[in-house]
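One file, upload.cif, carrying mmCIF, C-alpha atoms:
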data_query
#
loop_
_atom_site.group_PDB
_atom_site.id
_atom_site.type_symbol
_atom_site.label_atom_id
_atom_site.label_comp_id
_atom_site.auth_asym_id
_atom_site.auth_seq_id
_atom_site.Cartn_x
_atom_site.Cartn_y
_atom_site.Cartn_z
ATOM 1 C CA MET A 29 9.256 15.412 -7.590
ATOM 2 C CA THR A 30 8.131 15.261 -11.203
ATOM 3 C CA GLU A 31 11.725 14.534 -12.263
ATOM 4 C CA LEU A 32 11.463 11.151 -10.505
ATOM 5 C CA LEU A 33 8.839 9.943 -12.984
ATOM 6 C CA SER A 34 11.478 8.926 -15.542
ATOM 7 C CA THR A 35 14.052 7.834 -12.955
ATOM 8 C CA PRO A 36 14.442 4.093 -12.333
ATOM 9 C CA LEU A 37 14.459 2.764 -8.794
ATOM 10 C CA SER A 38 18.037 2.923 -7.568
ATOM 11 C CA PRO A 39 18.859 0.599 -4.665
ATOM 12 C CA THR A 40 20.254 2.135 -1.504
ATOM 13 C CA GLY A 41 21.757 0.396 1.490
ATOM 14 C CA ARG A 42 18.241 0.009 2.873
ATOM 15 C CA THR A 43 16.424 -1.033 -0.295
ATOM 16 C CA ALA A 44 19.026 -3.244 -2.007
ATOM 17 C CA LEU A 45 17.832 -6.853 -2.169
ATOM 18 C CA GLY A 46 20.050 -9.318 -0.342
ATOM 19 C CA ARG A 47 18.203 -12.486 -1.390
ATOM 20 C CA SER A 48 16.221 -13.496 -4.485
ATOM 21 C CA LYS A 49 17.523 -10.494 -6.394
ATOM 22 C CA GLU A 50 15.842 -11.759 -9.557
ATOM 23 C CA ARG A 51 12.502 -10.821 -8.000
ATOM 24 C CA GLY A 52 13.425 -7.164 -7.781
ATOM 25 C CA ARG A 53 12.042 -4.550 -10.150
ATOM 26 C CA SER A 54 13.765 -1.311 -11.091
ATOM 27 C CA ASP A 55 11.023 0.250 -13.224
ATOM 28 C CA ARG A 56 9.268 3.047 -11.357
ATOM 29 C CA ALA A 57 6.050 2.075 -13.166
ATOM 30 C CA ASP A 58 6.074 -1.201 -11.210
ATOM 31 C CA LEU A 59 6.201 0.771 -7.969
ATOM 32 C CA HIS A 60 3.239 2.866 -9.057
ATOM 33 C CA ALA A 61 1.293 -0.257 -10.079
ATOM 34 C CA VAL A 62 1.781 -1.941 -6.694
ATOM 35 C CA LEU A 63 0.766 1.197 -4.803
ATOM 36 C CA ASP A 64 -2.197 2.023 -7.027
ATOM 37 C CA ALA A 65 -3.626 -1.503 -6.666
ATOM 38 C CA GLY A 66 -3.530 -1.417 -2.856
ATOM 39 C CA LEU A 67 -6.068 -0.358 -0.244
ATOM 40 C CA ILE A 68 -3.998 -0.007 2.919
ATOM 41 C CA CYS A 69 -0.327 0.301 3.743
ATOM 42 C CA HIS A 70 1.664 -0.391 6.884
ATOM 43 C CA LEU A 71 3.537 2.545 8.384
ATOM 44 C CA GLY A 72 6.541 1.564 10.486
ATOM 45 C CA VAL A 73 7.929 4.160 12.878
ATOM 46 C CA VAL A 74 9.911 4.074 16.116
ATOM 47 C CA VAL A 75 7.858 5.511 18.978
ATOM 48 C CA ASP A 76 9.406 5.933 22.429
ATOM 49 C CA GLY A 77 12.283 3.679 21.444
ATOM 50 C CA ALA A 78 10.134 0.780 20.194
ATOM 51 C CA PRO A 79 8.954 -0.071 16.664
ATOM 52 C CA MET A 80 5.297 0.516 15.862
ATOM 53 C CA VAL A 81 3.649 -0.688 12.647
ATOM 54 C CA ILE A 82 0.292 0.894 11.833
ATOM 55 C CA PRO A 83 -2.109 -0.203 9.076
ATOM 56 C CA THR A 84 -3.528 2.922 7.468
ATOM 57 C CA GLY A 85 -5.090 4.312 4.334
ATOM 58 C CA TYR A 86 -2.975 6.102 1.767
ATOM 59 C CA GLY A 87 -3.083 7.755 -1.623
ATOM 60 C CA ARG A 88 -0.535 8.600 -4.292
ATOM 61 C CA ILE A 89 -0.130 11.794 -6.288
ATOM 62 C CA GLY A 90 2.798 11.538 -8.678
ATOM 63 C CA GLU A 91 5.908 10.720 -6.662
ATOM 64 C CA THR A 92 4.396 11.502 -3.266
ATOM 65 C CA LEU A 93 2.560 9.128 -0.942
ATOM 66 C CA TYR A 94 -0.005 10.670 1.399
ATOM 67 C CA LEU A 95 -1.044 9.151 4.721
ATOM 68 C CA HIS A 96 -3.424 10.439 7.336
ATOM 69 C CA GLY A 97 -4.659 9.876 10.851
ATOM 70 C CA SER A 98 -5.652 11.553 14.067
ATOM 71 C CA THR A 99 -3.533 14.465 15.229
ATOM 72 C CA GLY A 100 -3.516 12.707 18.601
ATOM 73 C CA ALA A 101 -1.966 9.488 17.277
ATOM 74 C CA ARG A 102 1.533 8.936 18.662
ATOM 75 C CA SER A 103 2.712 7.436 15.379
ATOM 76 C CA LEU A 104 1.702 10.492 13.357
ATOM 77 C CA ARG A 105 3.106 12.893 15.924
ATOM 78 C CA THR A 106 6.446 11.040 15.826
ATOM 79 C CA ALA A 107 6.744 10.368 12.095
ATOM 80 C CA PRO A 108 7.413 13.915 10.785
ATOM 81 C CA GLY A 109 11.163 14.423 10.866
ATOM 82 C CA ALA A 110 11.871 10.749 11.619
ATOM 83 C CA THR A 111 12.798 7.963 9.212
ATOM 84 C CA VAL A 112 9.847 5.682 8.510
ATOM 85 C CA CYS A 113 9.226 2.607 6.403
ATOM 86 C CA VAL A 114 5.967 2.112 4.495
ATOM 87 C CA THR A 115 5.047 -1.224 2.906
ATOM 88 C CA VAL A 116 2.266 -2.398 0.603
ATOM 89 C CA THR A 117 1.858 -6.113 -0.154
ATOM 90 C CA HIS A 118 -0.496 -8.081 -2.410
ATOM 91 C CA LEU A 119 -0.765 -11.841 -1.848
ATOM 92 C CA ASP A 120 -1.499 -13.487 -5.212
ATOM 93 C CA GLY A 121 -1.113 -17.181 -4.455
ATOM 94 C CA ILE A 122 0.130 -19.929 -2.151
ATOM 95 C CA VAL A 123 2.871 -21.951 -3.858
ATOM 96 C CA LEU A 124 2.648 -25.589 -2.781
ATOM 97 C CA ALA A 125 5.792 -27.542 -3.525
ATOM 98 C CA ARG A 126 6.675 -31.224 -3.176
ATOM 99 C CA SER A 127 8.816 -30.407 -0.159
ATOM 100 C CA SER A 128 7.819 -28.142 2.701
ATOM 101 C CA PHE A 129 11.135 -26.299 2.365
ATOM 102 C CA HIS A 130 10.234 -25.006 -1.101
ATOM 103 C CA HIS A 131 6.736 -23.776 -0.265
ATOM 104 C CA SER A 132 6.392 -20.092 -1.102
ATOM 105 C CA VAL A 133 3.919 -17.370 -2.039
ATOM 106 C CA ASN A 134 3.315 -15.340 -5.160
ATOM 107 C CA TYR A 135 3.185 -11.670 -4.305
ATOM 108 C CA ARG A 136 3.795 -8.057 -5.301
ATOM 109 C CA SER A 137 5.309 -5.770 -2.705
ATOM 110 C CA ALA A 138 6.700 -2.274 -2.337
ATOM 111 C CA MET A 139 8.808 -0.756 0.426
ATOM 112 C CA ILE A 140 9.422 2.970 0.808
ATOM 113 C CA TYR A 141 11.899 4.618 3.174
ATOM 114 C CA GLY A 142 12.035 8.303 3.926
ATOM 115 C CA VAL A 143 11.388 11.174 6.278
ATOM 116 C CA PRO A 144 7.776 12.323 5.904
ATOM 117 C CA ARG A 145 6.711 15.895 6.335
ATOM 118 C CA LEU A 146 3.581 17.167 7.989
ATOM 119 C CA VAL A 147 1.496 18.850 5.305
ATOM 120 C CA ALA A 148 0.584 22.391 6.322
ATOM 121 C CA ASP A 149 -0.496 23.901 2.998
ATOM 122 C CA GLU A 150 -4.303 23.735 2.897
ATOM 123 C CA ASP A 151 -4.523 23.032 -0.829
ATOM 124 C CA GLU A 152 -2.074 20.139 -0.525
ATOM 125 C CA ARG A 153 -3.861 18.789 2.549
ATOM 126 C CA TRP A 154 -7.135 18.844 0.604
ATOM 127 C CA ALA A 155 -5.552 17.085 -2.369
ATOM 128 C CA GLY A 156 -3.906 14.485 -0.118
ATOM 129 C CA LEU A 157 -7.155 13.667 1.670
ATOM 130 C CA ALA A 158 -8.932 13.385 -1.667
ATOM 131 C CA ALA A 159 -6.257 10.975 -2.927
ATOM 132 C CA ILE A 160 -6.589 8.815 0.197
ATOM 133 C CA THR A 161 -10.380 8.660 -0.158
ATOM 134 C CA GLU A 162 -10.205 7.912 -3.872
ATOM 135 C CA GLN A 163 -7.693 5.105 -3.250
ATOM 136 C CA LEU A 164 -10.324 3.225 -1.254
ATOM 137 C CA ALA A 165 -13.379 4.141 -3.317
ATOM 138 C CA PRO A 166 -12.887 6.010 -6.601
ATOM 139 C CA GLY A 167 -15.601 8.625 -7.030
ATOM 140 C CA GLN A 168 -16.365 8.878 -3.292
ATOM 141 C CA TRP A 169 -14.620 12.191 -2.590
ATOM 142 C CA ASP A 170 -16.925 14.216 -4.839
ATOM 143 C CA TYR A 171 -19.990 12.195 -3.779
ATOM 144 C CA THR A 172 -19.803 12.719 -0.019
ATOM 145 C CA ARG A 173 -19.755 15.711 2.304
ATOM 146 C CA GLN A 174 -16.172 16.835 2.527
ATOM 147 C CA PRO A 175 -14.317 17.611 5.783
ATOM 148 C CA ASN A 176 -15.283 20.685 7.771
ATOM 149 C CA ARG A 177 -12.842 22.864 9.728
ATOM 150 C CA LYS A 178 -13.214 20.872 12.947
ATOM 151 C CA GLU A 179 -12.544 17.588 11.155
ATOM 152 C CA LEU A 180 -9.561 19.024 9.304
ATOM 153 C CA ALA A 181 -8.112 20.308 12.566
ATOM 154 C CA ALA A 182 -8.306 16.788 14.015
ATOM 155 C CA THR A 183 -6.599 15.186 10.999
ATOM 156 C CA ALA A 184 -2.878 15.011 10.305
ATOM 157 C CA VAL A 185 -1.719 14.491 6.724
ATOM 158 C CA LEU A 186 1.791 13.241 6.007
ATOM 159 C CA ALA A 187 3.628 13.392 2.680
ATOM 160 C CA LEU A 188 6.359 10.854 1.890
ATOM 161 C CA SER A 189 8.568 10.986 -1.198
ATOM 162 C CA LEU A 190 8.818 7.826 -3.309
ATOM 163 C CA GLU A 191 12.475 8.535 -4.050
ATOM 164 C CA GLU A 192 13.872 5.677 -1.928
ATOM 165 C CA ALA A 193 11.837 2.574 -2.682
ATOM 166 C CA SER A 194 12.107 -1.046 -3.736
ATOM 167 C CA VAL A 195 9.711 -3.421 -5.477
ATOM 168 C CA LYS A 196 9.782 -7.193 -5.280
ATOM 169 C CA MET A 197 7.534 -9.747 -6.993
ATOM 170 C CA ARG A 198 7.161 -13.484 -7.366
ATOM 171 C CA ALA A 199 5.002 -15.354 -9.870
ATOM 172 C CA GLY A 200 4.853 -18.901 -11.199
ATOM 173 C CA GLY A 201 4.930 -22.391 -9.784
ATOM 174 C CA PRO A 202 7.084 -24.192 -7.237
ATOM 175 C CA ASN A 203 10.819 -24.661 -7.643
ATOM 176 C CA ASP A 204 11.548 -28.104 -6.258
ATOM 177 C CA ASP A 205 14.824 -29.987 -6.052
ATOM 178 C CA ASP A 206 15.423 -32.127 -9.136
ATOM 179 C CA GLU A 207 15.211 -35.379 -7.173
ATOM 180 C CA ASP A 208 11.782 -34.442 -5.765
ATOM 181 C CA TYR A 209 9.944 -34.083 -9.080
ATOM 182 C CA ASP A 210 9.256 -37.829 -9.198
ATOM 183 C CA LEU A 211 7.613 -37.884 -5.767
ATOM 184 C CA PRO A 212 3.882 -38.834 -5.801
ATOM 185 C CA ILE A 213 2.937 -35.483 -4.256
ATOM 186 C CA TRP A 214 0.668 -32.853 -5.805
ATOM 187 C CA ALA A 215 2.310 -29.487 -6.350
ATOM 188 C CA GLY A 216 1.060 -26.225 -7.811
ATOM 189 C CA VAL A 217 -0.370 -22.817 -6.957
ATOM 190 C CA LEU A 218 -3.462 -21.981 -4.949
ATOM 191 C CA PRO A 219 -4.473 -18.547 -6.313
ATOM 192 C CA VAL A 220 -5.608 -15.878 -3.864
ATOM 193 C CA VAL A 221 -8.205 -13.488 -5.279
ATOM 194 C CA THR A 222 -9.754 -10.494 -3.535
ATOM 195 C CA THR A 223 -13.233 -9.555 -4.745
ATOM 196 C CA TRP A 224 -15.882 -7.019 -3.766
ATOM 197 C CA GLY A 225 -19.094 -8.245 -2.161
ATOM 198 C CA GLU A 226 -22.549 -6.783 -2.545
ATOM 199 C CA PRO A 227 -22.853 -3.330 -0.903
ATOM 200 C CA VAL A 228 -24.656 -3.404 2.462
ATOM 201 C CA THR A 229 -26.855 -0.349 3.032
ATOM 202 C CA ASP A 230 -26.568 1.434 6.372
ATOM 203 C CA PRO A 231 -29.777 0.624 8.314
ATOM 204 C CA LYS A 232 -29.792 4.220 9.592
ATOM 205 C CA LEU A 233 -30.266 5.576 6.073
ATOM 206 C CA THR A 234 -33.189 8.003 6.323
ATOM 207 C CA HIS A 235 -33.899 8.273 2.607
ATOM 208 C CA ASP A 236 -34.624 5.759 -0.107
ATOM 209 C CA ILE A 237 -31.249 6.202 -1.804
ATOM 210 C CA PRO A 238 -29.919 3.632 -4.264
ATOM 211 C CA VAL A 239 -26.306 2.499 -4.148
ATOM 212 C CA PRO A 240 -24.378 5.057 -6.246
ATOM 213 C CA ALA A 241 -22.976 3.901 -9.562
ATOM 214 C CA HIS A 242 -19.359 4.382 -8.536
ATOM 215 C CA ILE A 243 -19.942 1.800 -5.761
ATOM 216 C CA SER A 244 -22.351 -0.649 -7.421
ATOM 217 C CA GLY A 245 -20.265 -0.744 -10.593
ATOM 218 C CA ARG A 246 -17.022 -1.850 -8.901
#

Now, as a test, write the supplied structure out as structure tokens.
Amino acid sequence: MTELLSTPLSPTGRTALGRSKERGRSDRADLHAVLDAGLICHLGVVVDGAPMVIPTGYGRIGETLYLHGSTGARSLRTAPGATVCVTVTHLDGIVLARSSFHHSVNYRSAMIYGVPRLVADEDERWAGLAAITEQLAPGQWDYTRQPNRKELAATAVLALSLEEASVKMRAGGPNDDDEDYDLPIWAGVLPVVTTWGEPVTDPKLTHDIPVPAHISGR
């Protein structure tokens, strides 16, 4: 998949934008940026004839997205060999216009289609689980006890190529109709910002252990 690194995003019948095409991005670096800034994705898969959308952790290594879950989960048992859709969205602001019709949101989003494979190679499984852990808390994989054989046996790891993907973004203020700009109505953007709170120590901690630097320094 390394050859994809220099390949722009090429729209397919499933990823081509039908509306607001100016918001689309074709640079693969934009796809990486959206994915790398996220914490969870939503995995969409058809299970027993009905759509199921599962929020789950993920991690990226190059042009492969890794997802994980219980080996008993119906979604992860169904996904290998089936077409799935994975989305990641960041909400950056609420766009308040002079008319309710032109209200919008500022956002960054990515959508990936493909047929994931169940990762069987132990080295790749280990790397995928590390990437998923590091996506949520960089530095945590090496800090904590890593999975034992029983835990690995209960965990399914899926690998999904980033070959078929689209990226869409919106930024800026409202776009009102010309005749509405003179209305005595406030318009603008209400920014949405996600921040980290102070770490809360587990009350069951049996040792006087300070919050590690990779957590306290976030």

Return as a count of residues only the set of residues that the PyMOL selection byres ((chain A and resi 36) around 6) yields on the displayed structure.
5

Need the shell around region 224-239 of chain A: protein/DNA/RNA residues with any atom at most 12 Å away, counting only C-alpha atoms. Skip same-chain ones fewer than 2 positions apart. Format as an mmCIF file with C-alpha atoms, in the coordinates of the input?
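Written file, around_19.cif:
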data_model
loop_
_atom_site.group_PDB
_atom_site.id
_atom_site.type_symbol
_atom_site.label_atom_id
_atom_site.label_comp_id
_atom_site.auth_asym_id
_atom_site.auth_seq_id
_atom_site.Cartn_x
_atom_site.Cartn_y
_atom_site.Cartn_z
ATOM 1 C CA LEU A 164 -10.324 3.225 -1.254
ATOM 2 C CA ALA A 165 -13.379 4.141 -3.317
ATOM 3 C CA GLN A 168 -16.365 8.878 -3.292
ATOM 4 C CA TYR A 171 -19.990 12.195 -3.779
ATOM 5 C CA VAL A 221 -8.205 -13.488 -5.279
ATOM 6 C CA THR A 222 -9.754 -10.494 -3.535
ATOM 7 C CA ALA A 241 -22.976 3.901 -9.562
ATOM 8 C CA HIS A 242 -19.359 4.382 -8.536
ATOM 9 C CA ILE A 243 -19.942 1.800 -5.761
ATOM 10 C CA SER A 244 -22.351 -0.649 -7.421
ATOM 11 C CA GLY A 245 -20.265 -0.744 -10.593
ATOM 12 C CA ARG A 246 -17.022 -1.850 -8.901
#

Any idea what's packed within 12 Å of region 148-162 of chain A, counting only C-alpha atoms, ignoring anything in its chain fewer than 5 positions away? Could you give it as a PyMOL selection string?
chain A and resi 63-69+84-90+92-97+108+167-177+179-181+183-188+242-243

Show me as a list in words the residues that reach within 12 Å of (-2.4, -12.1, -4.2), counting only C-alpha atoms and using the file's own coordinates.
Val62, Ala65, Gly66, Val116, Thr117, His118, Leu119, Asp120, Gly121, Ile122, Val123, Val133, Asn134, Tyr135, Arg136, Ser137, Met197, Arg198, Ala199, Val217, Leu218, Pro219, Val220, Val221, Thr222 and Thr223 of chain A

Please expand the PyMOL selection byres ((chain A and resi 202) around 10) into the concrete residues it hits in this file, giving the result as a list in words.
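Those residues are Ile122, Val123, Leu124, Ala125, Arg126, Ser127, His130, His131, Ser132, Val133, Asn134, Ala199, Gly200, Gly201, Asn203, Asp204, Asp205, Ala215, Gly216 and Val217 of chain A.
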
A:Arg105, A:Arg53, A:Lys178, A:His60 ranked by distance to Arg145 (chain A), top pick (using all atoms listed in the file):
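Between A:Arg105, A:Arg53, A:Lys178, A:His60, the residue approaching Arg145 (chain A) most closely is A:Arg105.
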
Do you have the CA of Ala107 (chain A)-CA of Thr43 (chain A) distance handy?
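Straight-line distance from CA of Ala107 (chain A) to CA of Thr43 (chain A) works out to 19.4 Å.
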
Pairwise distance for CA of Ala78 (chain A) and CA of Leu146 (chain A), rounded to one decimal in Å:
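About the pair CA of Ala78 (chain A) and CA of Leu146 (chain A): they are 21.5 Å apart.
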
Would you compute the distance between CA of Gly77 (chain A) and CA of Ala101 (chain A)? Give it in Å to one decimal.
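Calculated distance between CA of Gly77 (chain A) and CA of Ala101 (chain A) is 15.9 Å.
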
May I ask which of the residues A:Met80, A:Ala44, A:Val73, A:Val195 is the closest one to Ala57 (chain A), counting only C-alpha atoms?
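Once distances to Ala57 (chain A) are computed over only C-alpha atoms, the minimum belongs to A:Val195.
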
Work out where the centre of an axis-aligned box around every listed atom of region 188-198 of chain A lies and how long its edges are once 3 Å is added on each side; give both in Å to one decimal as JSON.
{"center_x": 10.1, "center_y": -1.2, "center_z": -2.7, "size_x": 13.5, "size_y": 30.5, "size_z": 15.3}

Using only C-alpha atoms, find the one residue out of A:Pro79, A:Arg42, A:Ser128, A:Pro240 that sits nearest to Pro166 (chain A).
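Nearest candidate to Pro166 (chain A) out of A:Pro79, A:Arg42, A:Ser128, A:Pro240: A:Pro240.
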
Pick out the closest residue to Thr99 (chain A) from this set: A:Thr115, A:Ala182, A:Ser189, A:Val75. Count all atoms listed in the file.
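Closest residue, counting all atoms listed in the file: A:Ala182.
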